[in-house]
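Asker: So I've got this file, my_file09.cif, and it contains mmCIF, N, CA and C atoms:
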```cif
data_final
loop_
_atom_site.label_atom_id
_atom_site.label_comp_id
_atom_site.auth_asym_id
_atom_site.auth_seq_id
_atom_site.Cartn_x
_atom_site.Cartn_y
_atom_site.Cartn_z
N MET Z 118 40.71 71.36 63.57
CA MET Z 118 40.22 71.45 62.22
C MET Z 118 39.39 70.20 61.94
N SER Z 119 38.23 70.41 61.34
CA SER Z 119 37.36 69.27 61.04
C SER Z 119 37.93 68.47 59.88
N LYS Z 120 37.47 67.25 59.76
CA LYS Z 120 37.93 66.38 58.68
C LYS Z 120 37.57 66.97 57.32
N LEU Z 121 36.37 67.55 57.23
CA LEU Z 121 35.92 68.13 55.96
C LEU Z 121 36.81 69.31 55.56
N ALA Z 122 37.14 70.18 56.52
CA ALA Z 122 38.00 71.33 56.23
C ALA Z 122 39.41 70.86 55.84
N GLU Z 123 39.90 69.84 56.54
CA GLU Z 123 41.21 69.29 56.22
C GLU Z 123 41.21 68.70 54.81
N PHE Z 124 40.12 67.98 54.47
CA PHE Z 124 39.99 67.37 53.15
C PHE Z 124 40.00 68.44 52.07
N ARG Z 125 39.23 69.50 52.27
CA ARG Z 125 39.16 70.57 51.27
C ARG Z 125 40.50 71.29 51.11
N GLN Z 126 41.19 71.47 52.22
CA GLN Z 126 42.49 72.13 52.17
C GLN Z 126 43.49 71.27 51.39
N LEU Z 127 43.50 69.97 51.67
CA LEU Z 127 44.39 69.06 50.95
C LEU Z 127 44.02 68.98 49.47
N GLU Z 128 42.74 69.01 49.18
CA GLU Z 128 42.27 68.98 47.80
C GLU Z 128 42.75 70.23 47.05
N LYS Z 129 42.70 71.37 47.73
CA LYS Z 129 43.14 72.62 47.14
C LYS Z 129 44.65 72.58 46.85
N HIS Z 130 45.42 72.07 47.83
CA HIS Z 130 46.87 71.95 47.63
C HIS Z 130 47.19 71.01 46.48
N LEU Z 131 46.46 69.92 46.39
CA LEU Z 131 46.67 68.97 45.31
C LEU Z 131 46.40 69.61 43.95
N ALA Z 132 45.32 70.38 43.87
CA ALA Z 132 44.98 71.05 42.61
C ALA Z 132 46.09 72.05 42.23
N GLU Z 133 46.64 72.77 43.22
CA GLU Z 133 47.71 73.72 42.96
C GLU Z 133 48.97 73.00 42.46
N GLN Z 134 49.28 71.86 43.09
CA GLN Z 134 50.46 71.11 42.69
C GLN Z 134 50.29 70.51 41.30
N LEU Z 135 49.08 70.04 40.98
CA LEU Z 135 48.82 69.51 39.65
C LEU Z 135 48.96 70.60 38.59
N GLN Z 136 48.51 71.80 38.93
CA GLN Z 136 48.64 72.93 38.01
C GLN Z 136 50.11 73.28 37.79
N ALA Z 137 50.92 73.25 38.86
CA ALA Z 137 52.34 73.52 38.74
C ALA Z 137 53.03 72.43 37.91
N LEU Z 138 52.61 71.19 38.08
CA LEU Z 138 53.16 70.08 37.31
C LEU Z 138 52.86 70.24 35.82
N GLU Z 139 51.65 70.62 35.50
CA GLU Z 139 51.28 70.83 34.10
C GLU Z 139 52.08 71.98 33.50
N ALA Z 140 52.32 73.01 34.29
CA ALA Z 140 53.12 74.14 33.79
C ALA Z 140 54.55 73.69 33.51
N LEU Z 141 55.09 72.83 34.38
CA LEU Z 141 56.44 72.32 34.16
C LEU Z 141 56.51 71.42 32.93
N LYS Z 142 55.48 70.64 32.70
CA LYS Z 142 55.46 69.75 31.54
C LYS Z 142 55.53 70.54 30.24
N ALA Z 143 54.98 71.73 30.24
CA ALA Z 143 54.97 72.57 29.04
C ALA Z 143 56.26 73.39 28.90
N ASP Z 144 57.11 73.38 29.92
CA ASP Z 144 58.32 74.19 29.91
C ASP Z 144 59.34 73.62 28.92
N ALA Z 145 59.84 74.45 28.03
CA ALA Z 145 60.80 74.02 27.00
C ALA Z 145 62.14 73.62 27.62
N GLY Z 146 62.55 74.32 28.67
CA GLY Z 146 63.81 74.01 29.34
C GLY Z 146 63.80 72.62 29.95
N LEU Z 147 62.66 72.26 30.56
CA LEU Z 147 62.54 70.93 31.15
C LEU Z 147 62.58 69.86 30.07
N LYS Z 148 61.89 70.10 28.97
CA LYS Z 148 61.89 69.13 27.87
C LYS Z 148 63.31 68.91 27.35
N LYS Z 149 64.07 69.99 27.26
CA LYS Z 149 65.44 69.91 26.78
C LYS Z 149 66.31 69.09 27.75
N GLU Z 150 66.13 69.32 29.05
CA GLU Z 150 66.89 68.59 30.06
C GLU Z 150 66.53 67.11 30.04
N ILE Z 151 65.26 66.78 29.90
CA ILE Z 151 64.82 65.39 29.85
C ILE Z 151 65.42 64.70 28.62
N GLU Z 152 65.41 65.40 27.50
CA GLU Z 152 65.98 64.85 26.26
C GLU Z 152 67.49 64.59 26.45
N PHE Z 153 68.19 65.54 27.07
CA PHE Z 153 69.62 65.38 27.32
C PHE Z 153 69.89 64.18 28.20
N GLU Z 154 69.12 64.06 29.29
CA GLU Z 154 69.32 62.95 30.22
C GLU Z 154 69.07 61.61 29.52
N THR Z 155 68.03 61.54 28.73
CA THR Z 155 67.70 60.31 28.01
C THR Z 155 68.84 59.91 27.06
N LYS Z 156 69.32 60.88 26.30
CA LYS Z 156 70.41 60.61 25.36
C LYS Z 156 71.69 60.23 26.10
N LEU Z 157 71.97 60.90 27.20
CA LEU Z 157 73.17 60.62 27.98
C LEU Z 157 73.11 59.20 28.55
N ARG Z 158 71.98 58.82 29.12
CA ARG Z 158 71.85 57.47 29.69
C ARG Z 158 71.95 56.40 28.60
N ALA Z 159 71.41 56.69 27.42
CA ALA Z 159 71.51 55.75 26.31
C ALA Z 159 72.97 55.60 25.88
N LEU Z 160 73.70 56.70 25.83
CA LEU Z 160 75.11 56.68 25.47
C LEU Z 160 75.92 55.92 26.51
N LEU Z 161 75.63 56.16 27.78
CA LEU Z 161 76.33 55.44 28.85
C LEU Z 161 76.07 53.94 28.74
N ALA Z 162 74.85 53.56 28.46
CA ALA Z 162 74.50 52.14 28.32
C ALA Z 162 75.19 51.53 27.10
N GLU Z 163 75.28 52.30 26.02
CA GLU Z 163 75.91 51.80 24.80
C GLU Z 163 77.38 51.46 25.03
N TYR Z 164 78.06 52.29 25.80
CA TYR Z 164 79.48 52.07 26.06
C TYR Z 164 79.74 51.38 27.40
N ASP Z 165 78.69 50.96 28.06
CA ASP Z 165 78.78 50.26 29.35
C ASP Z 165 79.57 51.07 30.38
N TYR Z 166 79.22 52.33 30.50
CA TYR Z 166 79.83 53.24 31.47
C TYR Z 166 78.80 53.66 32.50
N SER Z 167 79.28 54.02 33.69
CA SER Z 167 78.39 54.58 34.71
C SER Z 167 78.71 56.07 34.85
N LEU Z 168 77.87 56.77 35.59
CA LEU Z 168 78.12 58.20 35.81
C LEU Z 168 79.43 58.43 36.55
N SER Z 169 79.74 57.56 37.51
CA SER Z 169 80.99 57.73 38.26
C SER Z 169 82.20 57.53 37.35
N ASN Z 170 82.10 56.60 36.36
CA ASN Z 170 83.20 56.42 35.40
C ASN Z 170 83.43 57.70 34.61
N VAL Z 171 82.34 58.34 34.19
CA VAL Z 171 82.46 59.57 33.40
C VAL Z 171 83.06 60.69 34.25
N VAL Z 172 82.64 60.80 35.49
CA VAL Z 172 83.18 61.83 36.38
C VAL Z 172 84.67 61.60 36.58
N ASN Z 173 85.07 60.33 36.79
CA ASN Z 173 86.50 60.03 36.97
C ASN Z 173 87.27 60.30 35.69
N LEU Z 174 86.65 60.08 34.56
CA LEU Z 174 87.31 60.33 33.28
C LEU Z 174 87.52 61.83 33.05
N LEU Z 175 86.52 62.62 33.36
CA LEU Z 175 86.59 64.07 33.14
C LEU Z 175 87.38 64.79 34.23
N ASP Z 176 87.28 64.30 35.47
CA ASP Z 176 87.96 64.95 36.59
C ASP Z 176 88.57 63.88 37.49
N PRO Z 177 89.77 63.38 37.15
CA PRO Z 177 90.37 62.27 37.91
C PRO Z 177 90.63 62.61 39.38
N GLN Z 178 90.79 63.87 39.70
CA GLN Z 178 91.10 64.23 41.08
C GLN Z 178 89.86 64.35 41.95
N SER Z 179 88.70 64.20 41.37
CA SER Z 179 87.48 64.33 42.18
C SER Z 179 87.36 63.22 43.20
N ALA Z 180 87.90 62.04 42.91
CA ALA Z 180 87.84 60.93 43.86
C ALA Z 180 88.75 61.17 45.05
N ARG Z 181 89.80 61.96 44.86
CA ARG Z 181 90.74 62.22 45.95
C ARG Z 181 90.25 63.30 46.90
N ARG Z 182 89.34 64.11 46.41
CA ARG Z 182 88.81 65.18 47.27
C ARG Z 182 87.87 64.58 48.31
N ALA Z 183 88.08 64.94 49.53
CA ALA Z 183 87.21 64.45 50.60
C ALA Z 183 86.04 65.42 50.76
N PRO Z 184 84.83 64.90 50.89
CA PRO Z 184 83.68 65.79 51.13
C PRO Z 184 83.88 66.58 52.42
N ALA Z 185 83.47 67.84 52.40
CA ALA Z 185 83.68 68.72 53.56
C ALA Z 185 82.96 68.21 54.79
N VAL Z 186 81.79 67.62 54.62
CA VAL Z 186 81.00 67.16 55.77
C VAL Z 186 81.71 66.03 56.48
N GLU Z 187 82.25 65.07 55.74
CA GLU Z 187 82.90 63.93 56.35
C GLU Z 187 84.21 64.33 57.02
N SER Z 188 84.95 65.25 56.43
CA SER Z 188 86.24 65.63 57.01
C SER Z 188 86.05 66.34 58.35
N LYS Z 189 84.97 67.08 58.50
CA LYS Z 189 84.73 67.76 59.77
C LYS Z 189 84.30 66.78 60.85
N ALA Z 190 83.60 65.73 60.46
CA ALA Z 190 83.05 64.81 61.45
C ALA Z 190 84.14 64.07 62.22
N GLY Z 191 85.20 63.65 61.57
CA GLY Z 191 86.21 62.86 62.24
C GLY Z 191 87.50 63.60 62.53
N SER Z 192 87.53 64.90 62.37
CA SER Z 192 88.78 65.64 62.51
C SER Z 192 89.06 66.07 63.95
N ARG Z 193 88.09 66.02 64.80
CA ARG Z 193 88.29 66.49 66.17
C ARG Z 193 88.98 65.42 66.99
N LYS Z 194 90.04 65.79 67.67
CA LYS Z 194 90.75 64.80 68.48
C LYS Z 194 89.97 64.56 69.77
N PRO Z 195 90.07 63.37 70.32
CA PRO Z 195 89.33 63.07 71.55
C PRO Z 195 89.86 63.90 72.72
N ARG Z 196 88.95 64.20 73.62
CA ARG Z 196 89.34 65.00 74.79
C ARG Z 196 90.17 64.16 75.76
N GLN Z 197 91.07 64.85 76.45
CA GLN Z 197 91.91 64.18 77.44
C GLN Z 197 91.17 64.09 78.77
N VAL Z 198 91.41 63.02 79.49
CA VAL Z 198 90.80 62.85 80.81
C VAL Z 198 91.56 63.72 81.79
N LYS Z 199 90.82 64.51 82.55
CA LYS Z 199 91.40 65.36 83.58
C LYS Z 199 91.02 64.78 84.94
N VAL Z 200 91.97 64.75 85.84
CA VAL Z 200 91.73 64.20 87.17
C VAL Z 200 91.91 65.32 88.19
N TYR Z 201 90.86 65.60 88.94
CA TYR Z 201 90.88 66.61 89.98
C TYR Z 201 90.81 65.90 91.33
N LYS Z 202 91.66 66.33 92.29
CA LYS Z 202 91.62 65.75 93.63
C LYS Z 202 91.42 66.87 94.64
N ASN Z 203 90.33 66.77 95.37
CA ASN Z 203 90.00 67.76 96.38
C ASN Z 203 90.90 67.51 97.59
N PRO Z 204 91.78 68.46 97.94
CA PRO Z 204 92.69 68.24 99.07
C PRO Z 204 91.97 68.24 100.42
N ASN Z 205 90.79 68.83 100.49
CA ASN Z 205 90.05 68.89 101.75
C ASN Z 205 89.40 67.55 102.07
N THR Z 206 88.82 66.90 101.07
CA THR Z 206 88.09 65.65 101.31
C THR Z 206 88.80 64.43 100.76
N GLY Z 207 89.76 64.63 99.87
CA GLY Z 207 90.46 63.51 99.24
C GLY Z 207 89.67 62.90 98.09
N GLU Z 208 88.51 63.49 97.78
CA GLU Z 208 87.66 62.97 96.71
C GLU Z 208 88.31 63.23 95.35
N VAL Z 209 88.20 62.25 94.44
CA VAL Z 209 88.80 62.35 93.12
C VAL Z 209 87.70 62.36 92.06
N VAL Z 210 87.82 63.27 91.09
CA VAL Z 210 86.87 63.36 89.99
C VAL Z 210 87.64 63.24 88.68
N GLU Z 211 87.22 62.28 87.84
CA GLU Z 211 87.81 62.13 86.50
C GLU Z 211 86.78 62.58 85.48
N THR Z 212 87.15 63.50 84.60
CA THR Z 212 86.21 64.02 83.62
C THR Z 212 86.94 64.41 82.34
N LYS Z 213 86.20 64.38 81.22
CA LYS Z 213 86.75 64.83 79.94
C LYS Z 213 86.28 66.24 79.61
N GLY Z 214 85.30 66.72 80.33
CA GLY Z 214 84.77 68.06 80.09
C GLY Z 214 84.50 68.77 81.40
N GLY Z 215 84.04 69.99 81.32
CA GLY Z 215 83.79 70.77 82.52
C GLY Z 215 82.36 70.68 83.00
N ASN Z 216 81.58 69.76 82.47
CA ASN Z 216 80.16 69.69 82.80
C ASN Z 216 79.87 68.60 83.84
N HIS Z 217 80.82 68.34 84.73
CA HIS Z 217 80.67 67.31 85.75
C HIS Z 217 79.98 67.93 86.97
N LYS Z 218 79.02 67.21 87.52
CA LYS Z 218 78.21 67.75 88.62
C LYS Z 218 79.07 68.11 89.83
N THR Z 219 79.90 67.19 90.28
CA THR Z 219 80.73 67.43 91.46
C THR Z 219 81.73 68.56 91.20
N LEU Z 220 82.29 68.58 90.00
CA LEU Z 220 83.25 69.62 89.64
C LEU Z 220 82.58 71.00 89.68
N LYS Z 221 81.37 71.08 89.20
CA LYS Z 221 80.63 72.35 89.25
C LYS Z 221 80.36 72.78 90.69
N GLU Z 222 80.03 71.82 91.54
CA GLU Z 222 79.78 72.14 92.95
C GLU Z 222 81.06 72.68 93.60
N TRP Z 223 82.18 72.04 93.32
CA TRP Z 223 83.45 72.50 93.86
C TRP Z 223 83.77 73.90 93.39
N LYS Z 224 83.55 74.17 92.09
CA LYS Z 224 83.84 75.50 91.56
C LYS Z 224 82.93 76.56 92.17
N ALA Z 225 81.68 76.19 92.46
CA ALA Z 225 80.76 77.14 93.09
C ALA Z 225 81.18 77.42 94.53
N GLU Z 226 81.68 76.39 95.19
CA GLU Z 226 82.05 76.53 96.61
C GLU Z 226 83.42 77.17 96.79
N HIS Z 227 84.42 76.73 96.02
CA HIS Z 227 85.80 77.16 96.25
C HIS Z 227 86.32 78.15 95.20
N GLY Z 228 85.63 78.28 94.09
CA GLY Z 228 86.10 79.16 93.03
C GLY Z 228 86.80 78.36 91.95
N SER Z 229 86.66 78.83 90.74
CA SER Z 229 87.18 78.12 89.57
C SER Z 229 88.71 78.01 89.59
N ALA Z 230 89.37 79.08 89.94
CA ALA Z 230 90.84 79.08 89.95
C ALA Z 230 91.39 78.08 90.97
N THR Z 231 90.76 78.01 92.11
CA THR Z 231 91.21 77.08 93.15
C THR Z 231 91.03 75.65 92.70
N VAL Z 232 89.87 75.34 92.14
CA VAL Z 232 89.58 73.98 91.68
C VAL Z 232 90.53 73.59 90.54
N GLU Z 233 90.83 74.51 89.64
CA GLU Z 233 91.75 74.21 88.55
C GLU Z 233 93.16 73.91 89.08
N SER Z 234 93.51 74.46 90.23
CA SER Z 234 94.82 74.17 90.82
C SER Z 234 94.87 72.75 91.39
N TRP Z 235 93.72 72.11 91.56
CA TRP Z 235 93.66 70.73 92.04
C TRP Z 235 93.85 69.71 90.93
N LEU Z 236 94.05 70.16 89.69
CA LEU Z 236 94.18 69.30 88.53
C LEU Z 236 95.44 68.45 88.66
N SER Z 237 95.27 67.12 88.62
CA SER Z 237 96.41 66.21 88.73
C SER Z 237 97.01 65.90 87.37
N LYS Z 238 96.17 65.61 86.37
CA LYS Z 238 96.65 65.26 85.04
C LYS Z 238 96.25 66.32 84.06
#
```
Just give me the structure of the file as C-alpha cells.

Answerer:
Amino acid sequence: MSKLAEFRQLEKHLAEQLQALEALKADAGLKKEIEFETKLRALLAEYDYSLSNVVNLLDPQSARRAPAVESKAGSRKPRQVKVYKNPNTGEVVETKGGNHKTLKEWKAEHGSATVESWLSK
C-alpha cells in the first residue's frame, strides 16, 4: 500500500472516530454518567474516602474473595519426578512429564506398557 493510500485510509478512520465521539458527547446517558462520576468523586474527596473504602463498606466480604484468575494460576501442584531405568542398557531417565526425548524413543522401540514397567519412583 502506498503512503498516500495509507494516509487517506487513516484520515477516513479518524473522521469516523471523530464522528462517533461527537455522537457520544450528545448522548444523554453519557452526560448522566459523567455527572454521577463527578459528584461521586467530589463526595469521596469531601469525606476523604477512596473507592476501595466504599467497596469494603458496602460489601465487606469482597476483600476475602479471591479472583478466579489468580486462584487458578497457583492451584496446580508441582509434578513428581519419575525415574525410569532401562534394564537392557542400565540408562536412567529422570523426568516430570512424558515429553522426554529418550523416553519417547524407548516407548517407540519397546512399547509404552513395557517402558512404564521400568518406572522406579

Asker: Using only N, CA and C atoms, which residues sit within 7 Å of segment 211-216 of chain Z once same-chain residues fewer than 5 positions away are excluded, as a VMD selection string?

Answerer: chain Z and resid 196 to 201 221

Asker: If I take atom N of Ala122 of chain Z and atom C of Leu138 of chain Z, how far is one from the other in Å, to one decimal?

Answerer: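 Pair atom N of Ala122 of chain Z / atom C of Leu138 of chain Z returns 26.0 Å.
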
Asker: Residues of chain Z in helix (DSSP H, G or I) according to DSSP, as a CSV table (one decimal) with N, CA and C atoms, keeping the file's coordinate frame?

Answerer:
```
chain,number,residue,atom,x,y,z
Z,120,LYS,N,37.5,67.2,59.8
Z,120,LYS,CA,37.9,66.4,58.7
Z,120,LYS,C,37.6,67.0,57.3
Z,121,LEU,N,36.4,67.6,57.2
Z,121,LEU,CA,35.9,68.1,56.0
Z,121,LEU,C,36.8,69.3,55.6
Z,122,ALA,N,37.1,70.2,56.5
Z,122,ALA,CA,38.0,71.3,56.2
Z,122,ALA,C,39.4,70.9,55.8
Z,123,GLU,N,39.9,69.8,56.5
Z,123,GLU,CA,41.2,69.3,56.2
Z,123,GLU,C,41.2,68.7,54.8
Z,124,PHE,N,40.1,68.0,54.5
Z,124,PHE,CA,40.0,67.4,53.2
Z,124,PHE,C,40.0,68.4,52.1
Z,125,ARG,N,39.2,69.5,52.3
Z,125,ARG,CA,39.2,70.6,51.3
Z,125,ARG,C,40.5,71.3,51.1
Z,126,GLN,N,41.2,71.5,52.2
Z,126,GLN,CA,42.5,72.1,52.2
Z,126,GLN,C,43.5,71.3,51.4
Z,127,LEU,N,43.5,70.0,51.7
Z,127,LEU,CA,44.4,69.1,51.0
Z,127,LEU,C,44.0,69.0,49.5
Z,128,GLU,N,42.7,69.0,49.2
Z,128,GLU,CA,42.3,69.0,47.8
Z,128,GLU,C,42.8,70.2,47.0
Z,129,LYS,N,42.7,71.4,47.7
Z,129,LYS,CA,43.1,72.6,47.1
Z,129,LYS,C,44.6,72.6,46.8
Z,130,HIS,N,45.4,72.1,47.8
Z,130,HIS,CA,46.9,72.0,47.6
Z,130,HIS,C,47.2,71.0,46.5
Z,131,LEU,N,46.5,69.9,46.4
Z,131,LEU,CA,46.7,69.0,45.3
Z,131,LEU,C,46.4,69.6,44.0
Z,132,ALA,N,45.3,70.4,43.9
Z,132,ALA,CA,45.0,71.0,42.6
Z,132,ALA,C,46.1,72.0,42.2
Z,133,GLU,N,46.6,72.8,43.2
Z,133,GLU,CA,47.7,73.7,43.0
Z,133,GLU,C,49.0,73.0,42.5
Z,134,GLN,N,49.3,71.9,43.1
Z,134,GLN,CA,50.5,71.1,42.7
Z,134,GLN,C,50.3,70.5,41.3
Z,135,LEU,N,49.1,70.0,41.0
Z,135,LEU,CA,48.8,69.5,39.6
Z,135,LEU,C,49.0,70.6,38.6
Z,136,GLN,N,48.5,71.8,38.9
Z,136,GLN,CA,48.6,72.9,38.0
Z,136,GLN,C,50.1,73.3,37.8
Z,137,ALA,N,50.9,73.2,38.9
Z,137,ALA,CA,52.3,73.5,38.7
Z,137,ALA,C,53.0,72.4,37.9
Z,138,LEU,N,52.6,71.2,38.1
Z,138,LEU,CA,53.2,70.1,37.3
Z,138,LEU,C,52.9,70.2,35.8
Z,139,GLU,N,51.6,70.6,35.5
Z,139,GLU,CA,51.3,70.8,34.1
Z,139,GLU,C,52.1,72.0,33.5
Z,140,ALA,N,52.3,73.0,34.3
Z,140,ALA,CA,53.1,74.1,33.8
Z,140,ALA,C,54.6,73.7,33.5
Z,141,LEU,N,55.1,72.8,34.4
Z,141,LEU,CA,56.4,72.3,34.2
Z,141,LEU,C,56.5,71.4,32.9
Z,142,LYS,N,55.5,70.6,32.7
Z,142,LYS,CA,55.5,69.8,31.5
Z,142,LYS,C,55.5,70.5,30.2
Z,145,ALA,N,59.8,74.4,28.0
Z,145,ALA,CA,60.8,74.0,27.0
Z,145,ALA,C,62.1,73.6,27.6
Z,146,GLY,N,62.6,74.3,28.7
Z,146,GLY,CA,63.8,74.0,29.3
Z,146,GLY,C,63.8,72.6,30.0
Z,147,LEU,N,62.7,72.3,30.6
Z,147,LEU,CA,62.5,70.9,31.2
Z,147,LEU,C,62.6,69.9,30.1
Z,148,LYS,N,61.9,70.1,29.0
Z,148,LYS,CA,61.9,69.1,27.9
Z,148,LYS,C,63.3,68.9,27.4
Z,149,LYS,N,64.1,70.0,27.3
Z,149,LYS,CA,65.4,69.9,26.8
Z,149,LYS,C,66.3,69.1,27.8
Z,150,GLU,N,66.1,69.3,29.0
Z,150,GLU,CA,66.9,68.6,30.1
Z,150,GLU,C,66.5,67.1,30.0
Z,151,ILE,N,65.3,66.8,29.9
Z,151,ILE,CA,64.8,65.4,29.8
Z,151,ILE,C,65.4,64.7,28.6
Z,152,GLU,N,65.4,65.4,27.5
Z,152,GLU,CA,66.0,64.8,26.3
Z,152,GLU,C,67.5,64.6,26.4
Z,153,PHE,N,68.2,65.5,27.1
Z,153,PHE,CA,69.6,65.4,27.3
Z,153,PHE,C,69.9,64.2,28.2
Z,154,GLU,N,69.1,64.1,29.3
Z,154,GLU,CA,69.3,63.0,30.2
Z,154,GLU,C,69.1,61.6,29.5
Z,155,THR,N,68.0,61.5,28.7
Z,155,THR,CA,67.7,60.3,28.0
Z,155,THR,C,68.8,59.9,27.1
Z,156,LYS,N,69.3,60.9,26.3
Z,156,LYS,CA,70.4,60.6,25.4
Z,156,LYS,C,71.7,60.2,26.1
Z,157,LEU,N,72.0,60.9,27.2
Z,157,LEU,CA,73.2,60.6,28.0
Z,157,LEU,C,73.1,59.2,28.6
Z,158,ARG,N,72.0,58.8,29.1
Z,158,ARG,CA,71.8,57.5,29.7
Z,158,ARG,C,72.0,56.4,28.6
Z,159,ALA,N,71.4,56.7,27.4
Z,159,ALA,CA,71.5,55.8,26.3
Z,159,ALA,C,73.0,55.6,25.9
Z,160,LEU,N,73.7,56.7,25.8
Z,160,LEU,CA,75.1,56.7,25.5
Z,160,LEU,C,75.9,55.9,26.5
Z,161,LEU,N,75.6,56.2,27.8
Z,161,LEU,CA,76.3,55.4,28.8
Z,161,LEU,C,76.1,53.9,28.7
Z,162,ALA,N,74.8,53.6,28.5
Z,162,ALA,CA,74.5,52.1,28.3
Z,162,ALA,C,75.2,51.5,27.1
Z,163,GLU,N,75.3,52.3,26.0
Z,163,GLU,CA,75.9,51.8,24.8
Z,163,GLU,C,77.4,51.5,25.0
Z,168,LEU,N,77.9,56.8,35.6
Z,168,LEU,CA,78.1,58.2,35.8
Z,168,LEU,C,79.4,58.4,36.6
Z,169,SER,N,79.7,57.6,37.5
Z,169,SER,CA,81.0,57.7,38.3
Z,169,SER,C,82.2,57.5,37.4
Z,170,ASN,N,82.1,56.6,36.4
Z,170,ASN,CA,83.2,56.4,35.4
Z,170,ASN,C,83.4,57.7,34.6
Z,171,VAL,N,82.3,58.3,34.2
Z,171,VAL,CA,82.5,59.6,33.4
Z,171,VAL,C,83.1,60.7,34.2
Z,172,VAL,N,82.6,60.8,35.5
Z,172,VAL,CA,83.2,61.8,36.4
Z,172,VAL,C,84.7,61.6,36.6
Z,173,ASN,N,85.1,60.3,36.8
Z,173,ASN,CA,86.5,60.0,37.0
Z,173,ASN,C,87.3,60.3,35.7
Z,174,LEU,N,86.6,60.1,34.6
Z,174,LEU,CA,87.3,60.3,33.3
Z,174,LEU,C,87.5,61.8,33.0
Z,175,LEU,N,86.5,62.6,33.4
Z,175,LEU,CA,86.6,64.1,33.1
Z,175,LEU,C,87.4,64.8,34.2
Z,177,PRO,N,89.8,63.4,37.2
Z,177,PRO,CA,90.4,62.3,37.9
Z,177,PRO,C,90.6,62.6,39.4
Z,178,GLN,N,90.8,63.9,39.7
Z,178,GLN,CA,91.1,64.2,41.1
Z,178,GLN,C,89.9,64.4,42.0
Z,179,SER,N,88.7,64.2,41.4
Z,179,SER,CA,87.5,64.3,42.2
Z,179,SER,C,87.4,63.2,43.2
Z,180,ALA,N,87.9,62.0,42.9
Z,180,ALA,CA,87.8,60.9,43.9
Z,180,ALA,C,88.8,61.2,45.0
Z,185,ALA,N,83.5,67.8,52.4
Z,185,ALA,CA,83.7,68.7,53.6
Z,185,ALA,C,83.0,68.2,54.8
Z,186,VAL,N,81.8,67.6,54.6
Z,186,VAL,CA,81.0,67.2,55.8
Z,186,VAL,C,81.7,66.0,56.5
Z,187,GLU,N,82.2,65.1,55.7
Z,187,GLU,CA,82.9,63.9,56.4
Z,187,GLU,C,84.2,64.3,57.0
Z,188,SER,N,85.0,65.2,56.4
Z,188,SER,CA,86.2,65.6,57.0
Z,188,SER,C,86.0,66.3,58.4
Z,189,LYS,N,85.0,67.1,58.5
Z,189,LYS,CA,84.7,67.8,59.8
Z,189,LYS,C,84.3,66.8,60.8
Z,190,ALA,N,83.6,65.7,60.5
Z,190,ALA,CA,83.0,64.8,61.4
Z,190,ALA,C,84.1,64.1,62.2
Z,218,LYS,N,79.0,67.2,87.5
Z,218,LYS,CA,78.2,67.8,88.6
Z,218,LYS,C,79.1,68.1,89.8
Z,219,THR,N,79.9,67.2,90.3
Z,219,THR,CA,80.7,67.4,91.5
Z,219,THR,C,81.7,68.6,91.2
Z,220,LEU,N,82.3,68.6,90.0
Z,220,LEU,CA,83.2,69.6,89.6
Z,220,LEU,C,82.6,71.0,89.7
Z,221,LYS,N,81.4,71.1,89.2
Z,221,LYS,CA,80.6,72.4,89.2
Z,221,LYS,C,80.4,72.8,90.7
Z,222,GLU,N,80.0,71.8,91.5
Z,222,GLU,CA,79.8,72.1,93.0
Z,222,GLU,C,81.1,72.7,93.6
Z,223,TRP,N,82.2,72.0,93.3
Z,223,TRP,CA,83.4,72.5,93.9
Z,223,TRP,C,83.8,73.9,93.4
Z,224,LYS,N,83.6,74.2,92.1
Z,224,LYS,CA,83.8,75.5,91.6
Z,224,LYS,C,82.9,76.6,92.2
Z,225,ALA,N,81.7,76.2,92.5
Z,225,ALA,CA,80.8,77.1,93.1
Z,225,ALA,C,81.2,77.4,94.5
Z,226,GLU,N,81.7,76.4,95.2
Z,226,GLU,CA,82.0,76.5,96.6
Z,226,GLU,C,83.4,77.2,96.8
Z,227,HIS,N,84.4,76.7,96.0
Z,227,HIS,CA,85.8,77.2,96.2
Z,227,HIS,C,86.3,78.2,95.2
Z,229,SER,N,86.7,78.8,90.7
Z,229,SER,CA,87.2,78.1,89.6
Z,229,SER,C,88.7,78.0,89.6
Z,230,ALA,N,89.4,79.1,89.9
Z,230,ALA,CA,90.8,79.1,90.0
Z,230,ALA,C,91.4,78.1,91.0
Z,231,THR,N,90.8,78.0,92.1
Z,231,THR,CA,91.2,77.1,93.2
Z,231,THR,C,91.0,75.6,92.7
Z,232,VAL,N,89.9,75.3,92.1
Z,232,VAL,CA,89.6,74.0,91.7
Z,232,VAL,C,90.5,73.6,90.5
Z,233,GLU,N,90.8,74.5,89.6
Z,233,GLU,CA,91.8,74.2,88.6
Z,233,GLU,C,93.2,73.9,89.1
```

Asker: Which value, in Å to one decimal, gives the distance between atom CA of Val171 of chain Z and atom N of Leu147 of chain Z?

Answerer: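 Computing it gives 23.7 Å between the two atoms.
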
Asker: Hey, can you check how far atom CA of Leu141 of chain Z sits from atom CA of Leu168 of chain Z?

Answerer: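 It comes out at 25.9 Å.
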
Asker: For Trp235 of chain Z, which residue out of Z:Lys202, Z:Asp165, Z:Glu152, Z:Gly207 is the nearest one, using all atoms listed in the file?

Answerer: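 Of all the options, Z:Lys202 lies closest to Trp235 of chain Z.
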